[in-house]
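Asks: One structure, as structure tokens, below. Some questions next.
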Amino acid sequence: MIAYLRLFRADAALIAFFSYLTGAELAGGARLQDVIAAALVTCISTNFIYSFNSWADRGIDAVNKPWRPIPAGRITAEKALRYSLLLLVLAVVYPFFIARTSLTLFLFELLPALGLLYSARPFCFRRHPAFSTPTISLGLITPLMLGCFMNGADHRLWAVFIALFVYCIGVVPLKDIEDAKGDRAFGMRNLYLSWGDRLPLFSFAGLAVDLVWIYAAPMPETLKIVVVAVVTATMSCIGIFRCFQLKPENLYRAVIRTVIVLAVAAGIFFRWE
């Protein structure tokens with residue numbers, strides 16, 4: 001069973017879970033049913049996205065991440081596929097029992113759809129950065145939107161969601177740094193292979209654009225402070241890696257860990273505000 005769970009990344013699970021709860025807090029306060037919904041979104045919907053991708057990318061992972069369950073031989077590709085398809089069925093079905101509006105039902109169903117678009121043929125957005133980056137970015141902010149709209153949040157929060165989407169567009173390409181070796185071996189398009197050490201600078205510029213949007217957009221001042229903190233902390237990570245010439249393949253994970261810490265802190269802040 002542990003091998004199945006390891007198809008899913010722990011950092012992705014934490015981000016999905018706390019994003020949903022943070023969204024619920026933004027809408028007035030997380031309750032027990034929100035914890036249950038966050039667990040379903042994390043353990044089924046988001047789990048499907050990553051587990052199915054683990055199966056689809058098993059060959060590339062054998063080069064980039066040989067410790068993953070399939071290339072390491074802890075689970076067969078056939079069993080991983082069956083497990084992923086079970087998660088897909090559950091991800092499609094359970095939202096009909098808990099969604100409160102047509103919008104929240106759409107957002108629940110969007111998650112498995114994004115997983116298929118990203119990893120499944122004939123779509124396989126994973127192979128095309130112009131499609132993969134917005135697909136991943138939308139998948140990352142959807143749990144937050146669900147937490148908000150499942151609790152009747154007002155639509156003025158769209159400015160926050162746009163800011164976070166732009167943030168993800170700036171950060172997600174950094175993942176190509178750690179995937180470069182396997183992508184080269186399999187002839188996949190990779191932004192780091194195309195742009196080299198300039199890639200973090202492009203991400204930095206995108207985050208700067210996001211700061212302009214956050215400054216101009218109509219959103220609550222408290223939220224502006226939180227989002228600015230996330231963006232500036234990420235820019236600081238990029239700056240530190242550049243200044244101290246740290247291994248660039250560790251940059252994306254450093255940003256992810258920073259975001260997790262800030263997301264937990266934001267959730268606690270809105271809980272006790």
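How things are named: the first chain in the structure tokens is A, the next is B, and so on; residues count from 1 in each chain; ligands count from 1 in the order shown.
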Mind checking which residues fall within 12 Å of region 179-191 of chain A, counting only C-alpha atoms, ignoring those fewer than 5 positions away in the same chain, and posting them as a PDB file with C-alpha atoms, in the first residue's frame?
Replies:
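result.pdb, written as the output of this step:
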```pdb
ATOM      1  CA  ASP A  57       6.138   9.325 -17.047  1.00  0.00           C
ATOM      2  CA  ARG A  58       7.583   6.072 -15.726  1.00  0.00           C
ATOM      3  CA  GLY A  59      10.217   5.938 -18.486  1.00  0.00           C
ATOM      4  CA  ILE A  60      11.362   9.512 -17.917  1.00  0.00           C
ATOM      5  CA  ASP A  61      11.324   8.969 -14.142  1.00  0.00           C
ATOM      6  CA  ALA A  62      13.722   6.053 -14.612  1.00  0.00           C
ATOM      7  CA  VAL A  63      16.265   8.710 -15.679  1.00  0.00           C
ATOM      8  CA  ASN A  64      15.201  11.758 -13.635  1.00  0.00           C
ATOM      9  CA  LYS A  65      13.886  10.118 -10.474  1.00  0.00           C
ATOM     10  CA  PRO A  66      14.833   6.425 -10.326  1.00  0.00           C
ATOM     11  CA  CYS A 124      -0.248  14.806 -23.391  1.00  0.00           C
ATOM     12  CA  PHE A 125       0.166  18.505 -22.540  1.00  0.00           C
ATOM     13  CA  ARG A 126       3.232  17.384 -20.553  1.00  0.00           C
ATOM     14  CA  ARG A 127       5.139  17.412 -23.846  1.00  0.00           C
ATOM     15  CA  HIS A 128       4.319  21.035 -24.689  1.00  0.00           C
ATOM     16  CA  PRO A 129       5.410  23.768 -22.218  1.00  0.00           C
ATOM     17  CA  ALA A 130       2.938  26.267 -23.704  1.00  0.00           C
ATOM     18  CA  PHE A 131       0.127  23.955 -22.553  1.00  0.00           C
ATOM     19  CA  SER A 132       1.698  22.201 -19.575  1.00  0.00           C
ATOM     20  CA  THR A 133       2.517  25.343 -17.579  1.00  0.00           C
ATOM     21  CA  VAL A 172       6.126  26.151 -12.672  1.00  0.00           C
ATOM     22  CA  PRO A 173       8.714  26.420 -15.503  1.00  0.00           C
ATOM     23  CA  LEU A 174      11.421  26.042 -12.842  1.00  0.00           C
ATOM     24  CA  GLY A 196      19.575  27.481 -19.691  1.00  0.00           C
ATOM     25  CA  ASP A 197      20.477  29.665 -16.702  1.00  0.00           C
ATOM     26  CA  ARG A 198      18.232  32.430 -18.044  1.00  0.00           C
ATOM     27  CA  LEU A 199      15.122  30.455 -17.033  1.00  0.00           C
ATOM     28  CA  PRO A 200      15.138  31.610 -13.370  1.00  0.00           C
ATOM     29  CA  PHE A 202      12.420  34.841 -16.769  1.00  0.00           C
ATOM     30  CA  SER A 203      10.577  33.464 -13.727  1.00  0.00           C
ATOM     31  CA  PRO A 248      19.624  25.000  -9.848  1.00  0.00           C
ATOM     32  CA  GLU A 249      17.920  21.586  -9.844  1.00  0.00           C
ATOM     33  CA  ASN A 250      17.052  22.180  -6.170  1.00  0.00           C
ATOM     34  CA  TYR A 252      11.871  24.350  -7.579  1.00  0.00           C
TER      35      TYR A 252
END
```
Asks: Could the residues of region 135-222 of chain A that have an atom at most 10 Å from region 10-27 of chain A be listed as JSON lines, each with its closest atom pair and the distance in Å to one decimal, counting only C-alpha atoms and ordered by chain and ascending residue number?
Replies:
```
{"residue": "A:Gly139", "atom": "CA", "partner": "A:Ala16", "partner_atom": "CA", "distance": 9.2}
{"residue": "A:Leu140", "atom": "CA", "partner": "A:Ala16", "partner_atom": "CA", "distance": 7.1}
{"residue": "A:Ile141", "atom": "CA", "partner": "A:Ser19", "partner_atom": "CA", "distance": 7.7}
{"residue": "A:Thr142", "atom": "CA", "partner": "A:Tyr20", "partner_atom": "CA", "distance": 8.4}
{"residue": "A:Pro143", "atom": "CA", "partner": "A:Tyr20", "partner_atom": "CA", "distance": 4.8}
{"residue": "A:Leu144", "atom": "CA", "partner": "A:Tyr20", "partner_atom": "CA", "distance": 4.5}
{"residue": "A:Met145", "atom": "CA", "partner": "A:Gly23", "partner_atom": "CA", "distance": 6.3}
{"residue": "A:Leu146", "atom": "CA", "partner": "A:Tyr20", "partner_atom": "CA", "distance": 6.4}
{"residue": "A:Gly147", "atom": "CA", "partner": "A:Gly23", "partner_atom": "CA", "distance": 4.2}
{"residue": "A:Cys148", "atom": "CA", "partner": "A:Gly23", "partner_atom": "CA", "distance": 4.4}
{"residue": "A:Phe149", "atom": "CA", "partner": "A:Ala27", "partner_atom": "CA", "distance": 7.6}
{"residue": "A:Met150", "atom": "CA", "partner": "A:Ala24", "partner_atom": "CA", "distance": 7.5}
{"residue": "A:Asn151", "atom": "CA", "partner": "A:Ala27", "partner_atom": "CA", "distance": 5.8}
{"residue": "A:Gly152", "atom": "CA", "partner": "A:Ala27", "partner_atom": "CA", "distance": 6.6}
{"residue": "A:Ala153", "atom": "CA", "partner": "A:Ala27", "partner_atom": "CA", "distance": 4.7}
{"residue": "A:Asp154", "atom": "CA", "partner": "A:Ala27", "partner_atom": "CA", "distance": 7.7}
{"residue": "A:Leu157", "atom": "CA", "partner": "A:Leu26", "partner_atom": "CA", "distance": 9.0}
```
Asks: To test your reading of the structure, identify every residue in region 22-124 of chain A that backbone DSSP assigns to alpha helix (DSSP H), and report it as a VMD selection string.
Replies: chain A and resid 22 to 26 32 to 40 47 to 56 58 to 64 77 to 93 95 to 98 102 to 119
Asks: Find the residues near Ile214 (chain A): any atom within 9 Å, counting only C-alpha atoms, skip ones fewer than 4 places away on the same chain, and give them as a VMD selection string.
Replies: chain A and resid 159 to 160 163 209 to 210 218 to 219 224 227 to 228
Asks: The selected residues should be written to file as an mmCIF file, in the first residue's frame (atoms: C-alpha atoms).
Replies:
```
data_model
loop_
_atom_site.group_PDB
_atom_site.id
_atom_site.type_symbol
_atom_site.label_atom_id
_atom_site.label_comp_id
_atom_site.auth_asym_id
_atom_site.auth_seq_id
_atom_site.Cartn_x
_atom_site.Cartn_y
_atom_site.Cartn_z
ATOM 1 C CA ALA A 159 -8.422 39.080 -8.399
ATOM 2 C CA VAL A 160 -6.572 36.922 -5.856
ATOM 3 C CA ALA A 163 -2.621 36.803 -9.008
ATOM 4 C CA VAL A 209 4.779 41.484 -13.311
ATOM 5 C CA ASP A 210 2.581 39.675 -10.795
ATOM 6 C CA PRO A 218 -8.986 45.293 -6.213
ATOM 7 C CA MET A 219 -8.524 42.841 -3.357
ATOM 8 C CA LYS A 224 -2.529 41.645 -0.759
ATOM 9 C CA VAL A 227 0.142 37.204 -1.711
ATOM 10 C CA VAL A 228 2.967 39.747 -1.834
#
```
Asks: So that I can check the surroundings of Phe52 (chain A), please list as a VMD selection string every protein, DNA and RNA residue that reaches within 7 Å of it, counting only C-alpha atoms and ignoring chain neighbours fewer than 3 positions away.
Replies: chain A and resid 48 to 49 55 to 56 81 84
Asks: Which residues are close to region 90-97 of chain A, i.e. within 7 Å by only C-alpha atoms, leaving aside same-chain residues fewer than 5 positions away? Reply as a ChimeraX atom specification.
Replies: /A:44-45,105,108-109,112
Asks: Which of these, A:Leu107, A:Ile162, A:Ile2, A:Val231, has the shortest distance to Ala217 (chain A) once you count only C-alpha atoms?
Replies: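 Comparing A:Leu107, A:Ile162, A:Ile2, A:Val231 against Ala217 (chain A), the winner is A:Ile162.
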Asks: May I ask for the distance between CA of Thr104 (chain A) and CA of Leu88 (chain A), given in Å to one decimal place?
Replies: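 Between CA of Thr104 (chain A) and CA of Leu88 (chain A) the gap is 17.7 Å.
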Asks: Give the answer as one residue: which of A:Leu110, A:Gly28, A:Arg100, A:His155 has the shortest atom-to-atom distance to Val41 (chain A), using only C-alpha atoms?
Replies: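 Distance minimum relative to Val41 (chain A) lands on A:Leu110.
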Asks: Point out the residue among A:Leu211, A:Leu5, A:Met235, A:Val226 with the least atom-to-atom distance to Arg74 (chain A), counting only C-alpha atoms.
Replies: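 Smallest separation from Arg74 (chain A) among the options: A:Leu5.
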